[in-house]
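The next block holds one structure in the form of C-alpha cells; read it before the comments.
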Amino acid sequence: MKVKITAFGIAKDIVGGKHLELEVNGQELSLVRKDLISQFPDFEKLASLKFAVNTNYVDDSYQLNENDEVVLIPPVSGG
Amino acid sequence: MEKIYITSDRLSSQACIDLVSDNGSGGLVVFIGNVRNKTKDKAVQYLDFESYEPMALKEMQKIADEAVSRWNLHDMVIHHRVGKVPIGEEAVIIACSSPHRKESFAACEFAIDTLKETVPIWKKEVFEDGEVWVSAHP
C-alpha cells in the first residue's frame with residue numbers, strides 16, 4: 001500500500017523534504033521503519049525514531065489504514 | 001489567552017501567572033526556560049523551534065491534566081514558543097498554582113521534564129559556523 005509520510009526536525013533533513021510517499025508491501029508500520037532505514041541509512045544514527053498516526057504515538061505493530069498520515073518523530077527537544 | 005498555547009510571538013510570564021492565579025491558592029510556581037547564549041563553550045546565535053502543532057498541543061494538554069489531577073492543583077498553563085527565539089528570550093513558560101507550595105513545585109518540575117520527553121517540538125541550535133538539531137544523536 002501507499003503510505004503518506006510527514007517528517008519534522010532532523011527527519012525532514014534526512015528525507016530531504018517535509019512529505020514523502022512510500023510503497024510498502026503490507027500494513028504493519030514496522031515495514032515503514034524498515035523501508036525508511038534502507039532508503040535513508042542516516043535514520044539508524046538517530047537516538048530514536050518514533051511514529052505518530054493521527055496525532056497519537058503508535059508502536060511498530062500498528063496496522064496502517066488507507067488514509068493514515070504517518071508522522072516521523074525524531075528525538076524531541078522542546079523546552 | 002489559551003492555557004495550552006504555541007505561538008511564534010514573544011511569551012508573557014505575566015499572562016501565564018494571571019491564568020493560574022486564584023484566591024484559594026497560596027502557592028504559585030512559574031518555570032521559564034530561556035535561550036542560553038552558549039552550549040558547552042560554543043556561542044549560540046539563536047534557537048529555531050519547530051513543532052508538530054496539533055500533536056504538541058495534545059501532549060501538552062495531557063501533561064497539564066495529569067499534573068492537575070496528581071497534585072490536586074488549581075490549574076496549570078503551558079506556553080511554548082516556536083520559530084526563531086533570540087538569546088535571553090523565553091522558549092517555554094509553565095505556571096501552576098495550588099493551596100500550598102510543595103504541590104506546585106513538584107508539578108512544575110514534572111511538567112517540564114515530561115515536556116522534554118514527549119511533546120513533539122524540536123530545537124535547532126544555530127552557531128556562527130553551522131547548526132545542529134538538539135538531542136538528535138546519542
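Numbering starts fresh at 1 for the residues of each chain in the C-alpha cells, the chains themselves are lettered A, B, ... in the order given, and ligands are numbered from 1 as they appear.
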Counting only C-alpha atoms, chain A residues within 6 Å of chain B, as a ChimeraX atom specification: /A:9,46-47,55,75-79
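Residues within 8 Å of Asp68 in chain A, counting only C-alpha atoms and excluding same-chain residues fewer than 5 positions away, are Val3, Lys4, Val53 and Asn54 of chain A.
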Shell of 10 Å around Gln45 in chain B, only C-alpha atoms, local chain residues under 2 positions omitted, as a PyMOL selection string: chain B and resi 35-38+42-43+47-48+85-87+125-128+131
Picked from chain A by DSSP as alpha helix (DSSP H), as a list in words: Gly9, Ile10, Ala11, Lys12, Asp13, Ile14, Val15, Leu29, Ser30, Leu31, Val32, Arg33, Lys34, Asp35, Leu36, Ile37, Ser38 and Gln39 of chain A
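Distance check against Asn25 in chain A using only C-alpha atoms: of A:Ile5, A:Val58, A:Ile73, A:Leu64, the minimum falls on A:Leu64.
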Selection near range 12-21 of chain B, 8 Å with only C-alpha atoms, sequence-local residues under 3 positions removed, as a PyMOL selection string: chain B and resi 1+3+25+28+30+32+74-79+93-97
Neighbour list for Val71 in chain A as a ChimeraX atom specification, cut-off 8 Å, only C-alpha atoms, skip fewer than 5 positions in-chain: /A:5-8,51-53
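Counting from CA of Leu36 in chain A, the distance to CA of Gln63 in chain A is 16.8 Å.
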Quick one: residues within 9 Å of range 30-34 of chain A, only C-alpha atoms, excluding same-chain residues fewer than 6 positions away - as a compact mmCIF listing (two decimals) with N, CA and C atoms, in the first residue's frame?
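Result file follows (around-v4.txt):
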```
# COMPACT_ATOMS: atom_id res chain seq x y z
N VAL A 3 1.87 4.77 1.45
CA VAL A 3 1.80 5.42 2.77
C VAL A 3 2.30 6.85 2.68
N LEU A 22 5.70 6.34 0.50
CA LEU A 22 6.41 5.07 0.41
C LEU A 22 5.41 4.02 -0.03
N GLU A 23 5.90 3.08 -0.84
CA GLU A 23 5.06 1.93 -1.21
C GLU A 23 5.53 0.76 -0.36
N VAL A 24 4.68 0.28 0.55
CA VAL A 24 5.10 -0.85 1.36
C VAL A 24 4.23 -2.07 1.07
N LEU A 49 13.67 6.93 16.83
CA LEU A 49 12.73 7.37 15.80
C LEU A 49 11.37 6.79 16.17
N PHE A 51 6.97 7.00 15.77
CA PHE A 51 5.95 7.30 14.76
C PHE A 51 4.68 7.76 15.43
N ASP A 59 3.03 2.20 18.12
CA ASP A 59 4.25 1.37 18.06
C ASP A 59 4.31 0.62 16.73
N ASP A 60 5.41 -0.12 16.55
CA ASP A 60 5.70 -0.69 15.24
C ASP A 60 4.71 -1.77 14.79
N SER A 61 3.90 -2.27 15.73
CA SER A 61 2.93 -3.31 15.34
C SER A 61 1.62 -2.69 14.82
N TYR A 62 1.55 -1.36 14.82
CA TYR A 62 0.34 -0.68 14.34
C TYR A 62 0.00 -1.12 12.90
```
DSSP-assigned strand (DSSP E) members of chain A, reported as a VMD selection string: chain A and resid 2 to 7 19 to 23 50 to 53 56 to 58 69 to 73
How about saving the chosen residues, N, CA and C atoms kept, as a PDB file, in the first residue's frame?
```pdb
ATOM      1  N   LYS A   2       0.246   2.353  -0.440  1.00  0.00           N
ATOM      2  CA  LYS A   2       0.950   3.629  -0.480  1.00  0.00           C
ATOM      3  C   LYS A   2       0.778   4.311   0.884  1.00  0.00           C
ATOM      4  N   VAL A   3       1.874   4.775   1.453  1.00  0.00           N
ATOM      5  CA  VAL A   3       1.804   5.417   2.772  1.00  0.00           C
ATOM      6  C   VAL A   3       2.302   6.851   2.680  1.00  0.00           C
ATOM      7  N   LYS A   4       1.457   7.761   3.173  1.00  0.00           N
ATOM      8  CA  LYS A   4       1.850   9.181   3.198  1.00  0.00           C
ATOM      9  C   LYS A   4       2.602   9.471   4.484  1.00  0.00           C
ATOM     10  N   ILE A   5       3.753  10.115   4.336  1.00  0.00           N
ATOM     11  CA  ILE A   5       4.619  10.359   5.485  1.00  0.00           C
ATOM     12  C   ILE A   5       4.954  11.841   5.583  1.00  0.00           C
ATOM     13  N   THR A   6       4.909  12.340   6.809  1.00  0.00           N
ATOM     14  CA  THR A   6       5.317  13.726   7.073  1.00  0.00           C
ATOM     15  C   THR A   6       6.490  13.692   8.054  1.00  0.00           C
ATOM     16  N   ALA A   7       7.477  14.521   7.790  1.00  0.00           N
ATOM     17  CA  ALA A   7       8.695  14.495   8.606  1.00  0.00           C
ATOM     18  C   ALA A   7       8.926  15.845   9.279  1.00  0.00           C
ATOM     19  N   HIS A  19       7.396  16.053   3.107  1.00  0.00           N
ATOM     20  CA  HIS A  19       6.457  14.982   2.767  1.00  0.00           C
ATOM     21  C   HIS A  19       7.103  13.967   1.839  1.00  0.00           C
ATOM     22  N   LEU A  20       6.743  12.707   2.023  1.00  0.00           N
ATOM     23  CA  LEU A  20       7.115  11.717   1.035  1.00  0.00           C
ATOM     24  C   LEU A  20       6.089  10.582   1.041  1.00  0.00           C
ATOM     25  N   GLU A  21       6.141   9.777  -0.006  1.00  0.00           N
ATOM     26  CA  GLU A  21       5.253   8.621  -0.084  1.00  0.00           C
ATOM     27  C   GLU A  21       6.095   7.370  -0.239  1.00  0.00           C
ATOM     28  N   LEU A  22       5.702   6.344   0.504  1.00  0.00           N
ATOM     29  CA  LEU A  22       6.406   5.067   0.409  1.00  0.00           C
ATOM     30  C   LEU A  22       5.412   4.017  -0.034  1.00  0.00           C
ATOM     31  N   GLU A  23       5.896   3.078  -0.835  1.00  0.00           N
ATOM     32  CA  GLU A  23       5.065   1.935  -1.212  1.00  0.00           C
ATOM     33  C   GLU A  23       5.533   0.765  -0.360  1.00  0.00           C
ATOM     34  N   LYS A  50      10.446   7.701  16.528  1.00  0.00           N
ATOM     35  CA  LYS A  50       9.092   7.252  16.855  1.00  0.00           C
ATOM     36  C   LYS A  50       8.163   7.618  15.714  1.00  0.00           C
ATOM     37  N   PHE A  51       6.965   7.003  15.766  1.00  0.00           N
ATOM     38  CA  PHE A  51       5.952   7.297  14.760  1.00  0.00           C
ATOM     39  C   PHE A  51       4.675   7.760  15.430  1.00  0.00           C
ATOM     40  N   ALA A  52       3.975   8.659  14.746  1.00  0.00           N
ATOM     41  CA  ALA A  52       2.642   9.043  15.205  1.00  0.00           C
ATOM     42  C   ALA A  52       1.679   8.877  14.040  1.00  0.00           C
ATOM     43  N   VAL A  53       0.465   8.460  14.368  1.00  0.00           N
ATOM     44  CA  VAL A  53      -0.607   8.408  13.376  1.00  0.00           C
ATOM     45  C   VAL A  53      -1.798   9.160  13.970  1.00  0.00           C
ATOM     46  N   ASN A  56      -1.342  10.639  17.478  1.00  0.00           N
ATOM     47  CA  ASN A  56      -1.039   9.776  18.623  1.00  0.00           C
ATOM     48  C   ASN A  56       0.221   8.970  18.336  1.00  0.00           C
ATOM     49  N   TYR A  57       1.049   8.781  19.396  1.00  0.00           N
ATOM     50  CA  TYR A  57       2.169   7.864  19.234  1.00  0.00           C
ATOM     51  C   TYR A  57       1.635   6.456  18.993  1.00  0.00           C
ATOM     52  N   VAL A  58       2.267   5.727  18.067  1.00  0.00           N
ATOM     53  CA  VAL A  58       1.884   4.325  17.828  1.00  0.00           C
ATOM     54  C   VAL A  58       3.165   3.485  17.803  1.00  0.00           C
ATOM     55  N   GLU A  69      -2.017   9.238   8.022  1.00  0.00           N
ATOM     56  CA  GLU A  69      -0.839  10.054   7.790  1.00  0.00           C
ATOM     57  C   GLU A  69       0.175   9.668   8.863  1.00  0.00           C
ATOM     58  N   VAL A  70       1.292   9.115   8.413  1.00  0.00           N
ATOM     59  CA  VAL A  70       2.328   8.699   9.354  1.00  0.00           C
ATOM     60  C   VAL A  70       3.299   9.866   9.547  1.00  0.00           C
ATOM     61  N   VAL A  71       3.540  10.207  10.807  1.00  0.00           N
ATOM     62  CA  VAL A  71       4.444  11.321  11.104  1.00  0.00           C
ATOM     63  C   VAL A  71       5.700  10.787  11.777  1.00  0.00           C
ATOM     64  N   LEU A  72       6.841  11.194  11.256  1.00  0.00           N
ATOM     65  CA  LEU A  72       8.123  10.769  11.821  1.00  0.00           C
ATOM     66  C   LEU A  72       8.505  11.694  12.967  1.00  0.00           C
ATOM     67  N   ILE A  73       8.764  11.097  14.125  1.00  0.00           N
ATOM     68  CA  ILE A  73       9.103  11.872  15.321  1.00  0.00           C
ATOM     69  C   ILE A  73      10.529  11.515  15.750  1.00  0.00           C
TER      70      ILE A  73
END
```
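You will find CA of Arg10 in chain B at 19.0 Å from CA of Val44 in chain B.
Compared by their closest atoms to Phe40 in chain A, and using only C-alpha atoms, the residues A:Asn67, A:Met1, A:Gln27, A:Gly16 rank with A:Gly16 nearest.
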